[in-house]
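Peer 1: So I've got this file, my_file_16.txt, and it contains compact mmCIF, C-alpha atoms:
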```
# COMPACT_ATOMS: atom_id res chain seq x y z
CA MET O 31 0.00 0.00 0.00
CA ASP O 32 1.48 3.34 -1.05
CA SER O 33 1.54 6.43 1.14
CA ARG O 34 -1.50 8.07 -0.47
CA SER O 35 -3.64 4.96 0.03
CA ALA O 36 -2.53 4.69 3.65
CA ILE O 37 -3.35 8.35 4.31
CA PHE O 38 -6.74 8.00 2.61
CA LEU O 39 -7.52 4.95 4.77
CA GLN O 40 -6.51 6.82 7.92
CA VAL O 41 -8.70 9.78 6.98
CA MET O 42 -11.68 7.48 6.38
CA ILE O 43 -11.07 5.85 9.77
CA GLY O 44 -11.09 9.32 11.33
CA VAL O 45 -14.36 10.18 9.59
CA ALA O 46 -15.86 6.90 10.83
CA VAL O 47 -14.81 7.72 14.40
CA VAL O 48 -16.44 11.14 14.11
CA GLY O 49 -19.63 9.51 12.79
CA LEU O 50 -19.60 7.07 15.72
CA VAL O 51 -19.24 9.95 18.18
CA GLY O 52 -22.18 11.70 16.50
CA PHE O 53 -24.28 8.56 16.88
CA LEU O 54 -23.36 8.41 20.58
CA VAL O 55 -24.39 12.06 20.92
CA VAL O 56 -27.92 11.30 19.71
CA LEU O 57 -28.11 8.02 21.63
CA ILE O 58 -27.09 9.55 24.97
CA GLY O 59 -29.37 12.51 24.37
CA ARG O 60 -32.36 10.22 23.80
CA TYR O 61 -31.45 8.20 26.89
CA LEU O 62 -31.27 11.30 29.09
CA ARG O 63 -34.53 12.67 27.71
CA GLY O 64 -36.31 9.36 28.35
CA PRO O 65 -37.11 9.89 32.07
CA LEU O 66 -38.37 13.40 31.31
CA ALA O 67 -40.79 12.18 28.65
CA ALA O 68 -42.05 9.42 30.94
CA GLY O 69 -42.50 11.43 34.14
CA LYS O 70 -43.16 14.92 32.69
CA GLN O 71 -41.12 16.60 35.39
CA GLY O 72 -40.74 19.92 33.54
CA GLY O 73 -37.87 21.40 31.58
CA GLY O 74 -34.95 21.19 34.04
CA LEU O 75 -33.72 17.76 33.00
CA ALA O 76 -34.02 18.68 29.34
CA VAL O 77 -31.72 21.64 29.95
CA ARG O 78 -29.17 19.46 31.74
CA ALA O 79 -29.46 16.80 29.07
CA ARG O 80 -27.99 19.17 26.51
CA TRP O 81 -24.60 19.41 28.21
CA PRO O 82 -23.46 15.80 27.53
CA GLU O 83 -24.53 16.24 23.93
CA LEU O 84 -22.63 19.51 23.67
CA LEU O 85 -19.49 17.97 25.15
CA LEU O 86 -19.63 15.01 22.77
CA ALA O 87 -20.30 17.34 19.86
CA LEU O 88 -17.24 19.34 20.94
CA VAL O 89 -15.21 16.11 20.91
CA ALA O 90 -16.41 15.45 17.35
CA ALA O 91 -15.48 18.99 16.27
CA LEU O 92 -12.03 18.63 17.85
CA ALA O 93 -11.56 15.32 16.04
CA VAL O 94 -12.34 17.00 12.72
CA ALA O 95 -9.98 19.87 13.59
CA LEU O 96 -7.18 17.42 14.44
CA ILE O 97 -7.67 15.63 11.12
CA VAL O 98 -7.48 18.97 9.28
CA ILE O 99 -4.33 20.06 11.15
CA TRP O 100 -2.80 16.62 10.64
CA GLN O 101 -3.33 16.63 6.87
CA PHE O 102 -2.82 20.39 6.39
CA PRO O 103 -0.05 21.21 8.87
CA PRO O 104 0.54 24.98 9.21
CA ILE O 105 4.28 24.51 9.95
CA ASP O 106 6.67 23.82 7.11
CA GLY O 107 8.32 20.39 7.26
CA ALA O 108 5.45 18.67 9.11
CA ALA O 109 3.75 15.59 7.73
CA PRO O 110 5.71 15.17 4.48
CA ALA O 111 3.47 12.29 3.45
CA ALA O 112 0.48 14.61 3.52
CA LYS O 113 2.27 17.16 1.32
CA SER O 114 2.77 14.52 -1.35
CA TRP O 115 -0.94 14.35 -2.12
CA ARG O 116 -2.46 17.65 -0.99
CA THR O 117 -0.86 19.38 -3.98
CA GLU O 118 -3.02 17.31 -6.34
CA PRO O 119 -6.22 19.19 -7.30
CA ARG O 120 -8.54 16.17 -7.27
CA THR O 121 -7.58 14.99 -3.80
CA LEU O 122 -7.67 18.55 -2.49
CA VAL O 123 -11.19 19.09 -3.85
CA PHE O 124 -12.29 15.75 -2.37
CA PHE O 125 -10.95 16.69 1.05
CA ILE O 126 -12.59 20.13 0.92
CA VAL O 127 -15.93 18.57 -0.06
CA MET O 128 -15.67 16.10 2.83
CA LEU O 129 -14.82 18.95 5.20
CA ALA O 130 -17.80 20.97 3.97
CA ALA O 131 -20.07 17.94 4.44
CA ALA O 132 -18.81 17.52 8.00
CA GLY O 133 -19.46 21.20 8.71
CA ALA O 134 -22.98 20.95 7.26
CA GLY O 135 -23.66 17.89 9.39
CA LEU O 136 -22.46 19.67 12.53
CA LEU O 137 -24.64 22.69 11.73
CA ALA O 138 -27.67 20.44 11.13
CA PHE O 139 -27.04 18.72 14.47
CA LEU O 140 -26.91 22.07 16.28
CA ILE O 141 -30.14 23.20 14.64
CA TYR O 142 -31.76 19.93 15.75
CA LEU O 143 -30.33 20.33 19.25
CA PHE O 144 -31.58 23.86 19.91
CA ALA O 145 -34.78 23.83 17.85
CA ARG O 146 -36.27 20.57 19.11
CA PRO O 147 -39.47 20.93 21.14
CA GLN O 148 -39.21 20.55 24.89
CA ALA O 149 -41.35 18.08 26.78
CA PRO O 150 -44.71 19.59 27.78
CA PRO O 151 -45.09 20.53 31.44
CA ALA O 152 -47.77 19.16 33.70
CA SER O 153 -51.33 20.12 32.76
CA ALA O 154 -52.51 23.42 34.23
CA THR O 155 -55.96 24.46 35.26
CA ALA O 156 -58.19 26.61 33.07
CA SER O 157 -57.63 29.68 35.26
CA GLU O 158 -53.84 29.30 35.10
CA GLU O 159 -54.01 28.96 31.31
CA ALA O 160 -56.13 32.12 31.10
CA GLN O 161 -53.68 34.07 33.28
CA ALA O 162 -50.73 32.86 31.19
CA ALA O 163 -52.50 33.85 27.98
CA ALA O 164 -53.24 37.31 29.38
CA ALA O 165 -49.66 37.81 30.54
CA GLU O 166 -48.12 36.60 27.27
CA PRO O 167 -46.78 39.49 25.15
CA ALA O 168 -47.96 40.07 21.63
CA GLN O 169 -46.26 37.90 19.04
CA HIS O 170 -44.40 39.60 16.20
CA VAL O 171 -44.37 37.79 12.90
CA THR O 172 -41.01 37.70 11.11
CA PRO O 173 -40.71 37.11 7.36
CA ALA O 174 -40.69 33.50 6.23
CA ALA O 175 -37.59 32.06 4.59
CA GLY O 176 -39.69 30.97 1.61
CA ARG O 177 -39.72 34.56 0.39
CA LEU O 178 -36.04 34.23 -0.49
CA LEU O 179 -36.83 31.68 -3.18
CA GLY O 180 -37.57 34.44 -5.68
CA LEU O 181 -34.09 35.91 -5.23
CA LEU O 182 -32.57 32.42 -5.36
CA LEU O 183 -34.29 31.74 -8.68
CA LEU O 184 -32.91 35.01 -10.05
CA GLY O 185 -29.38 33.99 -9.04
CA ILE O 186 -29.82 30.57 -10.64
CA ALA O 187 -31.07 32.23 -13.83
CA ILE O 188 -27.98 34.49 -13.97
CA LEU O 189 -25.74 31.47 -13.37
CA LEU O 190 -27.38 29.47 -16.17
CA LEU O 191 -27.12 32.48 -18.48
CA GLY O 192 -23.40 32.69 -17.82
CA TRP O 193 -22.84 28.98 -18.40
CA ILE O 194 -24.92 28.76 -21.58
CA ALA O 195 -24.51 31.97 -23.54
CA VAL O 196 -21.90 34.29 -21.98
CA PRO O 197 -18.16 34.00 -22.76
CA LYS O 198 -15.62 33.95 -19.95
CA ALA O 199 -14.53 37.54 -20.47
CA GLN O 200 -18.11 38.79 -20.32
CA GLN O 201 -18.76 36.66 -17.22
CA TYR O 202 -15.87 38.47 -15.56
CA GLY O 203 -17.33 41.80 -16.64
CA MET O 204 -20.78 40.85 -15.30
CA MET O 205 -19.38 40.01 -11.88
CA LEU O 206 -17.00 42.97 -11.75
CA TYR O 207 -19.25 45.74 -13.10
CA MET O 208 -22.78 44.53 -12.35
CA VAL O 209 -23.25 41.80 -9.71
CA TYR O 210 -20.75 42.90 -7.04
CA PRO O 211 -21.54 46.65 -7.26
CA ALA O 212 -25.28 45.94 -7.23
CA SER O 213 -24.87 43.63 -4.22
CA PHE O 214 -22.92 46.28 -2.32
CA ALA O 215 -25.56 48.90 -3.16
CA VAL O 216 -28.33 46.63 -1.83
CA ALA O 217 -26.26 45.96 1.30
CA LEU O 218 -25.90 49.72 1.88
CA VAL O 219 -29.67 50.16 1.49
CA MET O 220 -30.28 47.39 4.03
CA LEU O 221 -27.82 48.97 6.46
CA PHE O 222 -29.41 52.40 5.99
CA ASP O 223 -32.84 50.89 6.59
CA LYS O 224 -31.55 49.28 9.77
CA ALA O 225 -30.07 52.59 10.95
CA THR O 226 -33.20 54.64 10.30
CA ARG O 227 -35.73 52.12 11.60
CA SER O 228 -37.76 53.78 14.36
CA TRP O 229 -38.99 50.53 15.92
CA SER O 230 -37.38 47.29 16.99
CA ILE O 231 -38.63 44.12 18.68
CA LYS O 232 -35.10 43.09 19.66
CA PRO O 233 -33.11 44.02 22.78
CA ALA O 234 -30.30 46.54 22.49
CA ALA O 235 -27.61 43.88 23.08
CA ALA O 236 -28.93 41.77 20.20
CA THR O 237 -29.11 44.82 17.93
CA MET O 238 -25.48 45.66 18.70
CA ARG O 239 -24.45 42.09 17.79
CA GLU O 240 -26.36 42.36 14.53
CA TRP O 241 -24.62 45.63 13.66
CA LEU O 242 -21.18 44.16 14.35
CA GLN O 243 -21.70 41.10 12.21
CA CYS O 244 -23.61 42.84 9.40
CA ASP O 245 -20.86 45.45 9.09
CA ALA O 246 -18.20 42.73 9.14
CA ILE O 247 -19.73 40.61 6.39
CA THR O 248 -20.39 43.73 4.26
CA PHE O 249 -16.73 44.73 4.60
CA LEU O 250 -15.70 41.22 3.55
CA LEU O 251 -17.96 41.58 0.50
CA VAL O 252 -15.93 44.65 -0.48
CA LEU O 253 -12.70 42.68 -0.02
CA ALA O 254 -14.08 39.93 -2.27
CA PHE O 255 -14.74 42.53 -4.97
CA LEU O 256 -11.18 43.87 -4.65
CA LYS O 257 -9.84 40.33 -4.83
CA LEU O 258 -11.74 39.78 -8.07
CA LEU O 259 -10.54 43.12 -9.44
CA ALA O 260 -6.89 42.30 -8.65
CA THR O 261 -6.98 39.06 -10.65
CA ASN O 262 -7.70 40.86 -13.94
CA ALA O 263 -8.84 37.45 -15.16
CA GLY O 264 -10.68 38.46 -18.31
CA ALA O 265 -11.06 35.45 -20.60
CA LYS O 266 -9.40 33.21 -17.97
CA TYR O 267 -12.21 33.80 -15.47
CA ALA O 268 -13.67 30.45 -14.33
CA ALA O 269 -15.24 31.07 -10.92
CA MET O 270 -18.57 32.72 -11.65
CA HIS O 271 -20.55 30.04 -9.78
CA TRP O 272 -18.36 30.41 -6.68
CA ASP O 273 -18.78 34.20 -6.68
CA LEU O 274 -22.55 33.85 -7.01
CA LEU O 275 -22.56 31.31 -4.19
CA HIS O 276 -20.69 33.78 -1.99
CA ILE O 277 -23.13 36.59 -2.76
CA ALA O 278 -26.16 34.34 -2.16
CA ALA O 279 -24.72 33.24 1.20
CA PHE O 280 -24.00 36.88 2.10
CA PHE O 281 -27.60 37.97 1.52
CA PHE O 282 -28.98 34.95 3.36
CA VAL O 283 -26.86 35.63 6.45
CA PHE O 284 -27.61 39.37 6.34
CA TRP O 285 -31.35 38.67 6.06
CA LEU O 286 -31.16 36.12 8.88
CA LEU O 287 -29.37 38.55 11.20
CA ASP O 288 -31.47 41.62 10.44
CA ARG O 289 -34.97 40.33 9.71
CA THR O 290 -35.44 37.33 12.01
CA THR O 291 -35.33 36.61 15.73
CA SER O 292 -34.00 33.06 15.49
CA ARG O 293 -31.74 31.97 18.35
CA LEU O 294 -29.44 30.36 15.82
CA ARG O 295 -28.85 33.40 13.62
CA PHE O 296 -25.53 34.36 15.21
CA LEU O 297 -24.35 30.74 15.16
CA ILE O 298 -25.11 30.56 11.43
CA ALA O 299 -23.24 33.84 10.96
CA TYR O 300 -20.16 32.29 12.55
CA ALA O 301 -20.61 29.26 10.29
CA TYR O 302 -20.51 31.73 7.40
CA PHE O 303 -17.21 33.13 8.69
CA ILE O 304 -15.89 29.54 8.84
CA ALA O 305 -17.00 28.81 5.28
CA LEU O 306 -15.47 31.97 3.76
CA PRO O 307 -11.79 30.83 3.97
CA ILE O 308 -12.70 27.44 2.49
CA LEU O 309 -14.65 29.16 -0.28
CA LEU O 310 -11.65 31.41 -0.96
CA LEU O 311 -9.39 28.36 -1.32
CA ILE O 312 -11.82 26.79 -3.80
CA TRP O 313 -12.12 30.10 -5.69
CA GLN O 314 -8.34 30.43 -5.96
CA SER O 315 -8.07 26.82 -7.13
CA ALA O 316 -10.68 27.45 -9.84
CA GLN O 317 -8.74 30.55 -10.92
CA ALA O 318 -5.41 28.66 -10.81
CA ILE O 319 -4.02 31.23 -8.35
CA ALA O 320 -1.06 29.71 -6.53
CA ALA O 321 -0.02 30.85 -3.08
CA PRO O 322 3.35 32.63 -2.86
CA LYS O 323 6.21 30.25 -2.08
CA ASP O 324 7.49 32.43 0.76
CA ALA O 325 4.04 32.87 2.33
CA GLY O 326 3.89 32.02 6.02
CA PHE O 327 1.10 30.70 8.17
CA TRP O 328 -0.23 34.18 9.01
CA ASP O 329 -0.43 35.10 5.33
CA GLY O 330 -2.96 32.36 4.52
CA VAL O 331 -6.59 31.65 5.33
CA TRP O 332 -6.08 29.26 8.24
CA PRO O 333 -5.82 31.95 10.99
CA PHE O 334 -9.23 33.28 9.91
CA PHE O 335 -10.61 29.75 9.79
CA GLY O 336 -9.29 28.94 13.28
CA LEU O 337 -10.56 32.21 14.77
CA ALA O 338 -14.05 31.61 13.37
CA VAL O 339 -14.08 28.02 14.66
CA ILE O 340 -13.13 29.19 18.18
CA PHE O 341 -15.92 31.76 18.33
CA PHE O 342 -18.35 29.31 16.73
CA VAL O 343 -17.74 26.94 19.66
CA LEU O 344 -18.07 29.83 22.13
CA GLU O 345 -21.42 30.74 20.55
CA ILE O 346 -22.60 27.16 21.12
CA PHE O 347 -21.97 27.53 24.84
CA VAL O 348 -23.65 30.94 24.85
CA LEU O 349 -26.76 29.33 23.35
CA ALA O 350 -26.65 26.50 25.87
CA ALA O 351 -26.31 28.86 28.84
CA ARG O 352 -28.82 31.51 27.75
CA ARG O 353 -32.41 31.35 28.87
CA GLY O 354 -34.98 33.94 27.92
CA PRO O 355 -34.45 37.18 25.94
CA GLU O 356 -31.07 38.29 24.59
CA THR O 357 -30.42 40.98 27.21
CA SER O 358 -26.88 40.07 28.29
CA VAL O 359 -24.05 42.24 26.98
CA LEU O 360 -21.43 39.45 27.24
CA PRO O 361 -22.24 37.97 23.80
CA ALA O 362 -21.96 41.48 22.32
CA LEU O 363 -18.54 41.88 23.94
CA LYS O 364 -17.55 38.48 22.52
CA ASP O 365 -18.58 39.59 19.03
CA THR O 366 -16.62 42.82 19.49
CA VAL O 367 -13.49 40.84 20.35
CA PHE O 368 -14.08 38.65 17.28
CA VAL O 369 -14.42 41.61 14.91
CA VAL O 370 -11.33 43.31 16.35
CA ALA O 371 -9.28 40.10 16.15
CA TYR O 372 -10.47 39.52 12.58
CA GLY O 373 -9.41 43.05 11.67
CA VAL O 374 -5.97 42.47 13.20
CA LEU O 375 -5.56 39.28 11.16
CA LEU O 376 -6.51 41.21 8.02
CA LEU O 377 -3.86 43.82 8.79
CA ILE O 378 -1.24 41.12 9.33
CA ALA O 379 -2.19 39.42 6.07
CA ALA O 380 -2.04 42.75 4.21
```
What is this structure when it is put down as structure tokens?
Peer 2:
Amino acid sequence: MDSRSAIFLQVMIGVAVVGLVGFLVVLIGRYLRGPLAAGKQGGGLAVRARWPELLLALVAALAVALIVIWQFPPIDGAAPAAKSWRTEPRTLVFFIVMLAAAGAGLLAFLIYLFARPQAPPASATASEEAQAAAAEPAQHVTPAAGRLLGLLLLGIAILLLGWIAVPKAQQYGMMLYMVYPASFAVALVMLFDKATRSWSIKPAAATMREWLQCDAITFLLVLAFLKLLATNAGAKYAAMHWDLLHIAAFFFVFWLLDRTTSRLRFLIAYAYFIALPILLLIWQSAQAIAAPKDAGFWDGVWPFFGLAVIFFVLEIFVLAARRGPETSVLPALKDTVFVVAYGVLLLIAA
């Protein structure tokens, strides 16, 4: 067995171990929720039952991170066997796809973990139900995600137009002179609408977090435009679908942060920050842009990836510890530290 086959087998074993840990997460969670469903003791046990699942999920995430660091060592001279195959485009794309699938699975598990219905409490009397109904505040309806399908169909239509009838040079011109400027203009309108809105159903701490992350992703949209402009690809442009995917993800995350009250919106925003470095690697591979030979660890995308992963995990624990409205300022301070640290990394890379 050659070195590439041995490494592939080891990676598959690692993926299998992560899958087994994920199965144990669900199994232990069901076991701990069993007594609650049988005795209907309220919501306390359900809250405690999340902690073993979170710890096991953290173990799974660390296992994935160790596999990534093992196969993509940030220090020169480490793991020479890994370097022999990670320079091949097909194996690199396969590994990135597997990593994206693992990230999507982790995100789906977190959505299942925090969005699942709690066990119903003991039955109350009619008078108690009437008092609870009277004390309950008015519900505010947020826009449904199905309304985004119209914009998604427009993006798919532009993508098909580029693939079928538009030459490469004109695709580059479309993205450079039409799609990116129009996207930035819409983002400015959305930010201006957020600034001039005279009403809000969200606490001040949550609004501050939204401003931090919306400003950050809009600034990264500008950097993506400058990155595209610097390539001067012209007829060699071959990444239209990746640019459209980035813009679609940007608008989805912006809409989720600004227009909804979902508890998971900040977690999904951090998932977006995790996905951006991976998307940049794929975009550079499609454009055949090679990294400089003298580039160090701090000049690449992995510091941004690691920073986003750290704050993604911290956001998981914030969600697990928070009960009730988003009134605490600690998550806002955490987001401030993230934005400042991200800015410092950008300065170092520049």
Peer 1: Could you tell me how far atom CA of O:Arg289 lies from atom CA of O:Leu258, in Å and to one decimal?
Peer 2: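 Going from atom CA of O:Arg289 over to atom CA of O:Leu258 covers 29.3 Å.
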Peer 1: Neighbouring residues of O:Tyr372 were defined as those with any atom within 12 Å, considering all atoms listed in the file; residues of the same chain fewer than 6 positions away were excluded. Please report them as a ChimeraX atom specification.
Peer 2: /O:242-243,246-247,249-250,303-304,331-338,341,365-366,378-379
Peer 1: Residues as selected, C-alpha atoms, written as an mmCIF file, in the frame of the given file, can you do that?
Peer 2:
```
data_model
loop_
_atom_site.group_PDB
_atom_site.id
_atom_site.type_symbol
_atom_site.label_atom_id
_atom_site.label_comp_id
_atom_site.auth_asym_id
_atom_site.auth_seq_id
_atom_site.Cartn_x
_atom_site.Cartn_y
_atom_site.Cartn_z
ATOM 1 C CA LEU O 242 -21.180 44.160 14.350
ATOM 2 C CA GLN O 243 -21.700 41.100 12.210
ATOM 3 C CA ALA O 246 -18.200 42.730 9.140
ATOM 4 C CA ILE O 247 -19.730 40.610 6.390
ATOM 5 C CA PHE O 249 -16.730 44.730 4.600
ATOM 6 C CA LEU O 250 -15.700 41.220 3.550
ATOM 7 C CA PHE O 303 -17.210 33.130 8.690
ATOM 8 C CA ILE O 304 -15.890 29.540 8.840
ATOM 9 C CA VAL O 331 -6.590 31.650 5.330
ATOM 10 C CA TRP O 332 -6.080 29.260 8.240
ATOM 11 C CA PRO O 333 -5.820 31.950 10.990
ATOM 12 C CA PHE O 334 -9.230 33.280 9.910
ATOM 13 C CA PHE O 335 -10.610 29.750 9.790
ATOM 14 C CA GLY O 336 -9.290 28.940 13.280
ATOM 15 C CA LEU O 337 -10.560 32.210 14.770
ATOM 16 C CA ALA O 338 -14.050 31.610 13.370
ATOM 17 C CA PHE O 341 -15.920 31.760 18.330
ATOM 18 C CA ASP O 365 -18.580 39.590 19.030
ATOM 19 C CA THR O 366 -16.620 42.820 19.490
ATOM 20 C CA ILE O 378 -1.240 41.120 9.330
ATOM 21 C CA ALA O 379 -2.190 39.420 6.070
#
```
Peer 1: Could you check the closest approach to O:Lys266 for each of O:Met204, O:Pro197, O:Ile346, O:Leu363 and tell me which residue wins, using only C-alpha atoms?
Peer 2: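 Closest candidate: O:Pro197.
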Peer 1: Please indicate the distance in Å from atom CA of O:Leu178 to atom CA of O:Phe282, rounded to one decimal place.
Peer 2: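 These two atoms are separated by 8.1 Å.
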Peer 1: Have a look at atom CA of O:Ala278 and atom CA of O:Val219 and let me know their distance in Å, one decimal.
Peer 2: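 Interatomic distance, atom CA of O:Ala278 to atom CA of O:Val219: 16.6 Å.
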Peer 1: Which one of O:Val359, O:Val343, O:Leu294, O:Leu256 sits closest to O:Met205 if you count all atoms listed in the file?
Peer 2: O:Leu256
Peer 1: Ranking O:Gln201, O:Gln317, O:Asn262, O:Ser213 by minimum distance to O:Phe281 and counting all atoms listed in the file, which one comes first?
Peer 2: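 Residue with the minimum atom-to-atom distance to O:Phe281: O:Ser213.
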Peer 1: Mind completing stretch 228-241 of chain O with N, CA and C atoms? Output as a short mmCIF file (atom, residue, chain, number, x, y, z; two decimals), in the frame of the given file, please?
Peer 2:
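See part.cif below for the written result:
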```cif
data_model
loop_
_atom_site.label_atom_id
_atom_site.label_comp_id
_atom_site.auth_asym_id
_atom_site.auth_seq_id
_atom_site.Cartn_x
_atom_site.Cartn_y
_atom_site.Cartn_z
N SER O 228 -37.34 53.14 13.11
CA SER O 228 -37.76 53.78 14.36
C SER O 228 -38.35 52.80 15.36
N TRP O 229 -38.43 51.53 15.01
CA TRP O 229 -38.99 50.53 15.92
C TRP O 229 -38.10 49.29 15.88
N SER O 230 -38.15 48.53 16.94
CA SER O 230 -37.38 47.29 16.99
C SER O 230 -38.00 46.38 18.05
N ILE O 231 -38.10 45.10 17.73
CA ILE O 231 -38.63 44.12 18.68
C ILE O 231 -37.50 43.38 19.37
N LYS O 232 -36.25 43.79 19.12
CA LYS O 232 -35.10 43.09 19.66
C LYS O 232 -34.44 43.92 20.74
N PRO O 233 -33.83 43.27 21.74
CA PRO O 233 -33.11 44.02 22.78
C PRO O 233 -31.90 44.76 22.20
N ALA O 234 -31.43 45.73 22.96
CA ALA O 234 -30.30 46.54 22.49
C ALA O 234 -29.04 45.71 22.31
N ALA O 235 -28.81 44.72 23.19
CA ALA O 235 -27.61 43.88 23.08
C ALA O 235 -27.63 43.07 21.78
N ALA O 236 -28.82 42.53 21.44
CA ALA O 236 -28.93 41.77 20.20
C ALA O 236 -28.75 42.67 18.98
N THR O 237 -29.27 43.89 19.04
CA THR O 237 -29.11 44.82 17.93
C THR O 237 -27.64 45.18 17.72
N MET O 238 -26.90 45.36 18.82
CA MET O 238 -25.48 45.66 18.70
C MET O 238 -24.74 44.50 18.05
N ARG O 239 -25.08 43.25 18.41
CA ARG O 239 -24.45 42.09 17.79
C ARG O 239 -24.76 42.05 16.30
N GLU O 240 -25.99 42.36 15.94
CA GLU O 240 -26.36 42.36 14.53
C GLU O 240 -25.55 43.40 13.75
N TRP O 241 -25.39 44.60 14.33
CA TRP O 241 -24.62 45.63 13.66
C TRP O 241 -23.17 45.19 13.45
#
```
